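Asker: You'll find work.txt just under this line, and it carries compact mmCIF, C-alpha atoms and all ligand atoms.
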# COMPACT_ATOMS: atom_id res chain seq x y z
CA LYS A 1 15.75 24.50 27.56
CA TYR A 2 16.35 22.21 24.60
CA TYR A 3 14.66 19.27 26.30
CA GLU A 4 11.71 21.43 27.29
CA GLU A 5 11.30 22.40 23.67
CA MET A 6 11.66 18.77 22.60
CA THR A 7 9.02 17.61 25.03
CA LYS A 8 6.67 20.28 23.85
CA ARG A 9 7.26 19.35 20.24
CA LYS A 10 6.93 15.66 20.90
CA LYS A 11 3.56 16.31 22.51
CA LEU A 12 2.50 18.39 19.55
CA PHE A 13 3.70 15.71 17.15
CA ASN A 14 1.64 13.06 18.95
CA GLU A 15 -1.39 15.30 18.96
CA VAL A 16 -1.04 15.93 15.28
CA GLN A 17 -0.73 12.23 14.53
CA GLU A 18 -3.71 11.54 16.70
CA ALA A 19 -5.78 14.14 14.94
CA LYS A 20 -4.79 13.24 11.46
CA GLY A 21 -4.37 9.52 11.90
CA ASN A 22 -1.88 7.82 9.67
CA ILE A 23 -4.16 5.43 7.85
CA ARG A 24 -6.13 6.48 4.81
CA VAL A 25 -8.58 4.38 2.85
CA PHE A 26 -9.53 5.20 -0.73
CA CYS A 27 -12.26 3.17 -2.43
CA ARG A 28 -12.15 2.65 -6.19
CA CYS A 29 -14.84 1.02 -8.30
CA ARG A 30 -14.06 -0.24 -11.78
CA PRO A 31 -16.53 0.11 -14.69
CA LEU A 32 -18.94 -2.68 -15.57
CA ASN A 33 -17.12 -4.72 -18.21
CA LYS A 34 -18.37 -6.01 -21.59
CA VAL A 35 -19.00 -9.52 -20.38
CA GLU A 36 -21.08 -8.25 -17.47
CA MET A 37 -23.01 -5.90 -19.70
CA SER A 38 -23.86 -8.58 -22.22
CA ALA A 39 -24.88 -10.90 -19.38
CA GLY A 40 -27.32 -8.23 -18.19
CA CYS A 41 -25.56 -7.50 -14.89
CA THR A 42 -26.65 -4.36 -13.11
CA THR A 43 -24.73 -1.84 -11.05
CA VAL A 44 -25.28 -2.01 -7.31
CA VAL A 45 -23.07 0.93 -6.36
CA ASP A 46 -24.57 4.34 -5.74
CA PHE A 47 -22.10 7.24 -6.12
CA ASP A 48 -24.48 10.11 -5.28
CA ALA A 49 -22.35 11.18 -2.33
CA ALA A 50 -18.98 10.07 -3.72
CA LYS A 51 -17.62 13.62 -3.42
CA ASP A 52 -18.09 13.40 0.34
CA GLY A 53 -16.36 10.03 0.48
CA CYS A 54 -19.60 8.06 0.78
CA LEU A 55 -20.91 5.22 -1.29
CA GLY A 56 -24.02 3.11 -1.14
CA ILE A 57 -24.45 -0.56 -1.98
CA LEU A 58 -27.88 -1.75 -2.96
CA THR A 59 -28.33 -5.14 -1.43
CA THR A 60 -31.19 -7.58 -1.95
CA GLY A 61 -34.40 -5.69 -2.51
CA SER A 62 -34.11 -2.13 -3.77
CA SER A 63 -34.93 -0.60 -0.38
CA ALA A 64 -31.95 -2.05 1.46
CA LYS A 65 -28.97 0.21 0.98
CA LYS A 66 -25.78 -0.02 2.97
CA THR A 67 -23.60 3.04 3.14
CA PHE A 68 -19.88 3.28 3.71
CA ARG A 69 -17.58 6.21 4.27
CA PHE A 70 -13.93 6.46 3.24
CA ASP A 71 -11.35 9.20 2.75
CA ARG A 72 -12.02 9.16 -0.99
CA VAL A 73 -14.40 7.38 -3.29
CA TYR A 74 -13.56 7.05 -6.98
CA THR A 75 -16.28 6.34 -9.49
CA PRO A 76 -15.56 4.30 -12.64
CA LYS A 77 -15.13 7.64 -14.46
CA ASP A 78 -12.20 8.78 -12.33
CA ASP A 79 -8.86 8.10 -13.94
CA GLN A 80 -5.30 7.29 -12.92
CA VAL A 81 -4.41 10.99 -12.74
CA ASP A 82 -7.20 11.71 -10.24
CA VAL A 83 -6.16 8.78 -8.10
CA PHE A 84 -2.49 9.68 -8.07
CA ALA A 85 -3.21 13.33 -7.33
CA ASP A 86 -4.70 12.26 -3.99
CA ALA A 87 -1.99 9.72 -3.20
CA SER A 88 0.96 11.94 -4.10
CA SER A 89 1.35 13.77 -0.78
CA MET A 90 1.55 10.46 1.05
CA VAL A 91 4.12 9.22 -1.44
CA ILE A 92 6.28 12.29 -1.05
CA SER A 93 6.57 11.87 2.69
CA VAL A 94 9.13 9.10 2.03
CA LEU A 95 11.46 11.94 0.99
CA ASP A 96 10.82 13.54 4.39
CA GLY A 97 12.01 10.42 6.17
CA TYR A 98 8.72 8.61 6.76
CA ASN A 99 8.11 4.96 5.99
CA VAL A 100 5.05 4.54 3.84
CA CYS A 101 2.93 1.62 2.72
CA ILE A 102 0.35 1.72 -0.05
CA PHE A 103 -1.61 -1.39 -0.87
CA ALA A 104 -4.47 -2.45 -3.10
CA TYR A 105 -6.98 -4.86 -1.59
CA GLY A 106 -9.95 -6.55 -3.23
CA GLN A 107 -11.48 -9.41 -5.13
CA THR A 108 -9.69 -10.60 -8.29
CA GLY A 109 -10.71 -8.56 -11.32
CA THR A 110 -11.58 -5.36 -9.43
CA GLY A 111 -8.58 -3.36 -10.64
CA LYS A 112 -5.80 -3.82 -8.05
CA THR A 113 -3.18 -4.26 -10.75
CA PHE A 114 -4.81 -1.52 -12.81
CA THR A 115 -4.45 0.91 -9.89
CA MET A 116 -0.91 -0.07 -8.91
CA GLU A 117 0.75 -1.03 -12.20
CA GLY A 118 -1.72 0.37 -14.67
CA ILE A 119 -1.42 -0.31 -18.35
CA GLU A 120 1.24 0.95 -20.73
CA GLN A 121 -0.83 3.84 -22.10
CA ASN A 122 -2.20 4.67 -18.69
CA ARG A 123 0.22 3.96 -15.89
CA GLY A 124 -0.67 3.42 -12.29
CA VAL A 125 0.57 4.42 -8.86
CA ASN A 126 3.92 2.56 -9.02
CA TYR A 127 5.28 4.32 -12.06
CA ARG A 128 3.75 7.69 -11.18
CA THR A 129 5.23 7.47 -7.71
CA LEU A 130 8.77 7.01 -8.96
CA GLU A 131 8.31 9.71 -11.57
CA HIS A 132 7.09 12.08 -8.85
CA LEU A 133 9.91 11.14 -6.47
CA PHE A 134 12.49 11.96 -9.13
CA ARG A 135 10.80 15.26 -9.89
CA VAL A 136 10.62 16.38 -6.27
CA SER A 137 14.11 15.15 -5.41
CA LYS A 138 15.44 17.27 -8.27
CA GLU A 139 13.61 20.31 -6.93
CA ARG A 140 15.22 19.76 -3.55
CA SER A 141 18.69 19.00 -4.89
CA GLU A 142 20.22 22.12 -3.36
CA THR A 143 19.49 20.97 0.16
CA PHE A 144 19.17 17.19 -0.06
CA SER A 145 20.73 14.39 -2.01
CA TYR A 146 18.72 11.23 -2.47
CA ASP A 147 19.75 7.70 -3.39
CA ILE A 148 16.83 5.65 -4.63
CA ALA A 149 16.85 1.88 -5.07
CA VAL A 150 14.04 -0.59 -5.71
CA SER A 151 13.37 -4.25 -5.02
CA VAL A 152 10.53 -6.29 -6.43
CA LEU A 153 9.33 -9.27 -4.41
CA GLU A 154 6.55 -11.76 -4.72
CA VAL A 155 5.09 -13.60 -1.77
CA TYR A 156 3.43 -16.84 -2.76
CA ASN A 157 2.45 -19.58 -0.31
CA GLU A 158 4.40 -17.80 2.44
CA GLN A 159 7.58 -17.87 0.37
CA ILE A 160 9.45 -14.83 -0.79
CA ARG A 161 10.70 -14.68 -4.37
CA ASP A 162 13.02 -11.99 -5.70
CA LEU A 163 11.63 -10.91 -9.05
CA LEU A 164 14.80 -9.00 -9.96
CA ALA A 165 17.14 -11.91 -9.33
CA THR A 166 18.88 -13.26 -12.39
CA GLY A 167 20.13 -16.80 -12.70
CA PRO A 168 18.85 -19.79 -10.75
CA ALA A 169 16.74 -19.17 -7.66
CA SER A 170 18.98 -18.58 -4.68
CA LYS A 171 18.40 -20.21 -1.32
CA ARG A 172 15.28 -19.53 0.66
CA LEU A 173 14.87 -15.83 1.32
CA GLU A 174 14.28 -14.86 4.93
CA ILE A 175 13.42 -11.62 6.70
CA LYS A 176 16.08 -10.30 9.06
CA GLN A 177 16.30 -7.34 11.37
CA SER A 178 19.36 -5.12 11.12
CA SER A 179 21.21 -3.69 14.12
CA GLU A 180 19.44 -0.38 13.45
CA GLY A 181 16.11 -2.19 13.66
CA TYR A 182 15.24 -2.20 9.96
CA HIS A 183 13.60 -5.25 8.45
CA HIS A 184 15.14 -6.46 5.24
CA VAL A 185 15.71 -9.58 3.18
CA PRO A 186 19.43 -10.30 2.81
CA GLY A 187 20.40 -11.28 -0.71
CA VAL A 188 17.57 -9.49 -2.47
CA VAL A 189 18.50 -7.35 -5.47
CA GLU A 190 18.28 -3.65 -4.76
CA ALA A 191 18.42 -1.94 -8.12
CA LYS A 192 19.65 1.61 -7.96
CA VAL A 193 17.49 3.85 -10.12
CA ASP A 194 18.53 7.31 -11.25
CA ASN A 195 15.81 8.17 -13.68
CA ILE A 196 12.47 7.03 -14.96
CA CYS A 197 13.98 4.96 -17.82
CA ASP A 198 15.82 2.83 -15.27
CA VAL A 199 12.55 2.40 -13.43
CA TRP A 200 10.68 1.28 -16.48
CA ASN A 201 13.31 -1.41 -17.16
CA VAL A 202 13.24 -2.63 -13.58
CA LEU A 203 9.44 -2.79 -13.47
CA GLN A 204 9.41 -4.71 -16.76
CA THR A 205 11.96 -7.20 -15.44
CA GLY A 206 9.83 -7.68 -12.35
CA SER A 207 6.62 -8.25 -14.26
CA ASN A 208 8.27 -10.65 -16.71
CA ALA A 209 9.72 -12.67 -13.86
CA ARG A 210 6.27 -13.04 -12.37
CA ALA A 211 5.20 -15.02 -15.38
CA VAL A 212 8.09 -17.48 -15.22
CA GLY A 213 7.13 -20.88 -13.91
CA SER A 214 3.37 -20.37 -13.98
CA ASN A 215 1.20 -21.56 -16.81
CA ASN A 216 -1.43 -18.92 -16.19
CA VAL A 217 0.03 -15.57 -15.24
CA ASN A 218 -3.25 -13.95 -14.28
CA GLU A 219 -4.27 -16.82 -12.09
CA HIS A 220 -0.88 -16.96 -10.44
CA SER A 221 -0.78 -13.22 -9.80
CA SER A 222 -4.21 -13.28 -8.23
CA ARG A 223 -2.86 -15.71 -5.62
CA SER A 224 0.35 -13.96 -4.74
CA HIS A 225 1.26 -10.57 -3.33
CA CYS A 226 3.44 -8.43 -5.56
CA MET A 227 5.53 -6.01 -3.55
CA LEU A 228 7.58 -3.13 -4.85
CA CYS A 229 9.90 -1.58 -2.28
CA ILE A 230 11.38 1.85 -2.86
CA MET A 231 14.31 2.55 -0.56
CA VAL A 232 15.41 6.12 -0.09
CA LYS A 233 18.64 7.31 1.48
CA THR A 234 18.54 11.00 2.22
CA LYS A 235 21.50 13.18 2.93
CA ASN A 236 20.93 16.65 4.27
CA LEU A 237 23.60 18.69 2.51
CA MET A 238 23.39 21.45 5.12
CA ASN A 239 24.33 19.37 8.15
CA GLY A 240 25.47 16.07 6.64
CA GLU A 241 22.73 14.07 8.38
CA CYS A 242 21.62 10.85 6.70
CA THR A 243 18.29 9.08 7.02
CA LYS A 244 16.82 5.95 5.49
CA SER A 245 13.18 5.43 4.67
CA LYS A 246 11.13 3.14 2.50
CA LEU A 247 7.93 3.02 0.59
CA TRP A 248 6.11 -0.23 -0.09
CA LEU A 249 3.69 -0.48 -3.01
CA VAL A 250 1.72 -3.70 -2.77
CA ASP A 251 -0.65 -5.43 -5.17
CA LEU A 252 -2.27 -7.97 -2.83
CA ALA A 253 -3.59 -11.41 -3.70
CA GLY A 254 -7.31 -11.59 -4.48
CA SER A 255 -9.41 -11.41 -1.32
CA GLU A 256 -12.24 -13.63 -2.60
CA ARG A 257 -13.24 -16.70 -0.68
CA LEU A 258 -13.23 -19.81 -2.83
CA ALA A 259 -16.24 -22.09 -2.65
CA LYS A 260 -15.32 -24.96 -0.34
CA THR A 261 -16.21 -27.58 -2.91
CA ASP A 262 -13.80 -26.06 -5.47
CA VAL A 263 -10.76 -26.14 -3.28
CA GLN A 264 -8.47 -29.10 -2.96
CA GLY A 265 -4.75 -29.90 -2.85
CA GLU A 266 -2.51 -27.08 -4.00
CA ARG A 267 -5.42 -24.67 -4.36
CA LEU A 268 -6.46 -25.29 -0.79
CA LYS A 269 -2.97 -24.51 0.45
CA GLU A 270 -2.88 -21.30 -1.63
CA ALA A 271 -6.28 -20.25 -0.35
CA GLN A 272 -5.27 -20.84 3.26
CA ASN A 273 -2.07 -18.86 2.82
CA ILE A 274 -3.89 -15.94 1.22
CA ASN A 275 -6.48 -16.03 3.94
CA ARG A 276 -3.86 -16.11 6.61
CA SER A 277 -1.85 -13.20 5.25
CA LEU A 278 -4.82 -10.96 4.54
CA SER A 279 -6.28 -11.60 7.98
CA ALA A 280 -2.85 -10.97 9.46
CA LEU A 281 -2.82 -7.60 7.72
CA GLY A 282 -6.22 -6.74 9.17
CA ASP A 283 -5.12 -7.93 12.62
CA VAL A 284 -1.94 -5.86 12.57
CA ILE A 285 -3.80 -2.73 11.61
CA SER A 286 -6.49 -3.21 14.21
CA SER A 287 -4.01 -3.99 16.99
CA LEU A 288 -2.11 -0.84 16.05
CA ALA A 289 -5.32 1.09 16.34
CA ALA A 290 -6.17 -0.51 19.66
CA LYS A 291 -2.62 0.41 20.76
CA SER A 292 -2.03 -3.18 21.83
CA SER A 293 1.28 -3.94 23.46
CA HIS A 294 1.81 -6.82 21.05
CA ILE A 295 1.39 -6.28 17.32
CA PRO A 296 1.29 -9.64 15.50
CA TYR A 297 3.58 -8.72 12.58
CA ARG A 298 5.14 -12.18 12.53
CA ASN A 299 1.94 -13.99 11.66
CA SER A 300 2.62 -13.72 7.94
CA LYS A 301 5.48 -12.92 5.59
CA LEU A 302 3.41 -10.03 4.25
CA THR A 303 3.06 -8.20 7.57
CA HIS A 304 6.58 -9.10 8.65
CA LEU A 305 7.99 -7.53 5.47
CA LEU A 306 5.83 -4.45 5.93
CA GLN A 307 6.64 -4.12 9.63
CA ASP A 308 8.67 -0.89 9.38
CA SER A 309 5.97 0.72 7.28
CA LEU A 310 2.93 -0.21 9.38
CA GLY A 311 2.60 1.56 12.71
CA GLY A 312 4.84 4.01 14.52
CA ASP A 313 4.95 7.25 12.63
CA SER A 314 4.66 5.54 9.25
CA LYS A 315 1.82 6.22 6.86
CA THR A 316 -0.55 3.74 5.31
CA LEU A 317 -2.84 4.08 2.33
CA MET A 318 -5.21 1.32 1.37
CA PHE A 319 -7.07 1.16 -1.92
CA VAL A 320 -10.14 -0.97 -1.55
CA GLN A 321 -11.06 -2.06 -5.04
CA ILE A 322 -14.61 -3.11 -5.85
CA SER A 323 -16.74 -4.37 -8.70
CA PRO A 324 -20.00 -2.56 -9.53
CA SER A 325 -21.81 -5.75 -10.55
CA ASP A 326 -24.79 -7.27 -8.74
CA GLN A 327 -23.12 -10.67 -9.16
CA ASP A 328 -20.21 -9.61 -6.96
CA VAL A 329 -22.17 -7.91 -4.21
CA GLY A 330 -21.19 -10.46 -1.54
CA GLU A 331 -17.46 -9.98 -2.14
CA THR A 332 -17.93 -6.23 -2.45
CA LEU A 333 -19.57 -6.03 0.98
CA SER A 334 -16.87 -8.19 2.48
CA SER A 335 -14.10 -5.94 1.06
CA LEU A 336 -15.87 -2.79 2.23
CA ASN A 337 -16.27 -4.24 5.71
CA PHE A 338 -12.58 -5.11 5.84
CA ALA A 339 -11.72 -1.57 4.74
CA THR A 340 -14.06 -0.07 7.32
CA ARG A 341 -12.29 -2.06 10.01
CA VAL A 342 -8.96 -0.74 8.75
CA ARG A 343 -10.10 2.84 8.56
CA GLY A 344 -12.51 2.98 11.44
CA VAL A 345 -9.85 2.98 14.00
CA GLU A 346 -7.34 5.71 13.67
CA LEU A 347 -9.37 8.40 12.10
CA GLY A 348 -11.44 10.35 14.52
CA PRO A 349 -14.85 11.53 13.37
CA VAL A 350 -13.60 15.09 13.05
CA LYS A 351 -10.38 15.93 11.30
CA LYS A 352 -8.57 18.80 12.92
CA GLN A 353 -6.91 21.38 10.77
CA ILE A 354 -3.18 20.88 11.09
CA ASP A 355 -0.12 22.81 10.16
CA THR A 356 2.11 20.49 8.16
CA SER A 357 5.15 22.77 8.28
CA GLU A 358 5.01 22.51 12.07
CA LEU A 359 4.85 18.75 11.72
CA GLN A 360 7.92 18.73 9.48
CA LYS A 361 9.91 20.79 11.95
CA THR A 362 8.90 18.53 14.79
CA LYS A 363 9.78 15.43 12.84
CA ALA A 364 13.23 16.83 12.03
CA LEU A 365 13.84 17.63 15.69
CA LEU A 366 12.71 14.22 16.81
CA ASP A 367 14.97 12.54 14.28
CA LYS A 368 17.86 14.65 15.49
CA ALA A 369 17.17 13.71 19.09
CA ARG A 370 16.93 10.06 18.12
CA SER A 371 20.23 10.04 16.30
CA GLU A 372 21.85 11.86 19.23
CA CYS A 373 20.52 9.20 21.57
CA ARG A 374 21.84 6.49 19.27
CA SER A 375 25.29 7.97 19.09
CA LYS A 376 25.36 8.16 22.90
CA ASP A 377 24.59 4.44 23.20
P1 LIG B 1 -7.09 -7.34 -10.30
O1 LIG B 1 -5.64 -7.01 -10.34
O2 LIG B 1 -7.78 -6.79 -9.09
O3 LIG B 1 -7.36 -8.79 -10.47
P2 LIG B 1 -7.13 -5.98 -12.82
O4 LIG B 1 -6.37 -4.77 -12.48
O5 LIG B 1 -6.42 -7.03 -13.60
O6 LIG B 1 -7.80 -6.61 -11.54
O7 LIG B 1 -8.43 -5.48 -13.60
C1 LIG B 1 -9.31 -6.36 -14.30
C2 LIG B 1 -9.67 -5.71 -15.64
O8 LIG B 1 -10.44 -4.53 -15.44
C3 LIG B 1 -8.45 -5.30 -16.44
O9 LIG B 1 -8.70 -5.54 -17.80
C4 LIG B 1 -8.34 -3.82 -16.20
O10 LIG B 1 -7.70 -3.14 -17.24
C5 LIG B 1 -9.80 -3.40 -16.05
N1 LIG B 1 -9.96 -2.27 -15.12
C6 LIG B 1 -9.81 -2.30 -13.79
N2 LIG B 1 -10.05 -1.11 -13.22
C7 LIG B 1 -10.36 -0.28 -14.22
C8 LIG B 1 -10.72 1.11 -14.30
N3 LIG B 1 -10.80 1.88 -13.21
N4 LIG B 1 -10.97 1.62 -15.52
C9 LIG B 1 -10.89 0.87 -16.62
N5 LIG B 1 -10.58 -0.45 -16.63
C10 LIG B 1 -10.30 -1.02 -15.45
MG MG B 2 -4.00 -8.35 -10.50
Now that the file is in, can you turn its structure into C-alpha cells?
Answerer:
Amino acid sequence: KYYEEMTKRKKLFNEVQEAKGNIRVFCRCRPLNKVEMSAGCTTVVDFDAAKDGCLGILTTGSSAKKTFRFDRVYTPKDDQVDVFADASSMVISVLDGYNVCIFAYGQTGTGKTFTMEGIEQNRGVNYRTLEHLFRVSKERSETFSYDIAVSVLEVYNEQIRDLLATGPASKRLEIKQSSEGYHHVPGVVEAKVDNICDVWNVLQTGSNARAVGSNNVNEHSSRSHCMLCIMVKTKNLMNGECTKSKLWLVDLAGSERLAKTDVQGERLKEAQNINRSLSALGDVISSLAAKSSHIPYRNSKLTHLLQDSLGGDSKTLMFVQISPSDQDVGETLSSLNFATRVRGVELGPVKKQIDTSELQKTKALLDKARSECRSKD
C-alpha cells in the first residue's frame, strides 16, 4: 500500500517538475549612466511588453527589432525590493530541503554585483536572502530547527580561494565528494551565522578579502566568480529527521569577449578561463535539459562546485543583466541568446497550474523513502 502511494506520488512529483521546470530566467536592465548620457548614447531596449516578460532590442536600422521572452523582465525603474520579491520563493525552498542556485550573468558593468551584493543603502539578493531565511526560520521554529552557515569563495583562473580564510593562504583547495554524495571543499571556512549582524560581518570580510592582492578591485572582480554558499541543516522537531541543503549565490565573471588584439599573456589566460567556465555552465544546463546521460559538471571549477545545485530536483535562477546602451548592443544580444538557451529548455510553452502544498508533501515522502533506503544499505 505504502509503495503504491509512493509510486503515485513520485509520478506526480515528476509531472509537477516537468510542468513547472526548475530553471527560471529573470532579465534586468540597468539605467543609462551619466557617461553614456553625456556621450549621446541611446537606449536600444524596448520595455513595452515587460509586464509579460518580453523585451525588444532594436538592432541596426530602426525596423529590425529582436524580441526575447523570460520569466520576468525588470526595467531600469524596478528596484531591489521588486527583484527580491520575485526571487524569494525560490530562496525559501532551501528551508524545505531543496538545493538552489542563483547566479547573475552578463557583461561587466551591467549590474551583476548591484543585483547580488547591492550597495550599502540598497542591498541586493545576498543580504536580503539571509534576512528572509532568518525571518522564515523563526516563524517555523516550533516545528523545525535550522543551522545556517556560510562560505565565501572566489574562483579565479580555475583556482578556488577562500575569502573567509584568515592567515596565509592554505594549500590548494580542491572539490571532494562526501560519502553521502555532497560536493564540498575540505578546509574552507564555514561561518555559522545566527542573525543578520553576523551575516553583515561575514559578507564584509568576504568583500574585503576580494580586494587583497589585486591592484584594481573592479577589474579583478570582473574576471573572477564570487560565490556565496549558504548551508542549511534542518531538523524536524516532530520526528527528529535531519536534512542538509544549500543555496549558492553567484556573481559571475563578466561575459564580454575581449578583442583579440587586446589580449595577451595573463589576460589571455584569464579570458580563456572565463570563457571555459561560462560555456561549461551553459553546457551543463543544456545537457540537463536534453536529459543527457552524461552531464559535464567537471569541465570547470564553477560547474563542479555547483553540481549539487544544478539538476536533479534543485532549482536554478539566472539573472541575465544587460546594458540599455546602443554601444553595447552586441554583448547584450549575446547575453540574451545565452539566457534563451538556458531558459528555452525546461520550461514548456504553457505553465500548468500546480498545487505547491501537494509538491511539499510529495517531497517529504520522497526524502523519507530515500533515507529509509540509505539506512537499509
Ligand atoms: P557588474 O558587477 O555587472 O560589473 P555593477 O553591479 O558593478 O556591474 O554595476 C555597474 C554600475 O551600475 C554600478 O555603479 C552600479 O551601482 C550601477 N547599477 C547597476 N545596476 C543598476 C540599477 N539597476 N540601478 C541603478 N544603478 C545600477
Ligand atoms: Mg561586479
Asker: Identify, counting all atoms listed in the file, the protein, DNA and RNA residues located within 10 Å of ligand MG 2 (chain B), and give them as a ChimeraX atom specification.
Answerer: /A:104,106-118,217-226,251-254
Asker: What does the distance between CA of Glu120 in chain A and atom O10 of ligand LIG 1 (chain B) come to in Å, to one decimal place?
Answerer: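 Computed distance, CA of Glu120 in chain A to atom O10 of ligand LIG 1 (chain B), equals 10.4 Å.
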Asker: Of the residues A:Lys246, A:Arg298, A:Arg72, A:Arg210, which is the one nearest to Lys315 in chain A, using all atoms listed in the file?
Answerer: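 Between A:Lys246, A:Arg298, A:Arg72, A:Arg210, the residue approaching Lys315 in chain A most closely is A:Lys246.
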Asker: Show me, as a list of chain:residue names, the residues that have an atom within 7 Å of range 180-195 of chain A when counting only C-alpha atoms, minus same-chain residues fewer than 5 positions from it.
Answerer: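 That gives A:Phe134, A:Ile148, A:Ala149, A:Val150, A:Ser151, A:Asp162, A:Leu164, A:Ala165, A:Leu173, A:Glu174, A:Ile175, A:Leu305, A:Asp308.
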Asker: One decimal, Å: what's the distance from atom O10 of ligand LIG 1 (chain B) over to CA of Asn273 in chain A, could you say?
Answerer: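 We find that atom O10 of ligand LIG 1 (chain B) and CA of Asn273 in chain A lie 26.1 Å from each other.
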Asker: Which residue out of A:Cys197, A:Cys29, A:Ile57, A:Val250 has the minimum interatomic distance to Gly330 in chain A when all atoms listed in the file are used?
Answerer: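 The answer is A:Ile57, which sits nearest to Gly330 in chain A.
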Asker: Go ahead and compute the interatomic distance for atom C5 of ligand LIG 1 (chain B) and CA of Leu32 in chain A, in Å to one decimal.
Answerer: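 We find that atom C5 of ligand LIG 1 (chain B) and CA of Leu32 in chain A lie 9.2 Å from each other.
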Asker: Build an axis-aligned box that encloses every atom of ligand LIG 1 (chain B) listed in the file, pad it by 8 Å on each side, and report its centre and edge lengths in Å to one decimal, as JSON.
Answerer:
{"center_x": -8.3, "center_y": -3.5, "center_z": -13.4, "size_x": 21.3, "size_y": 26.7, "size_z": 24.7}
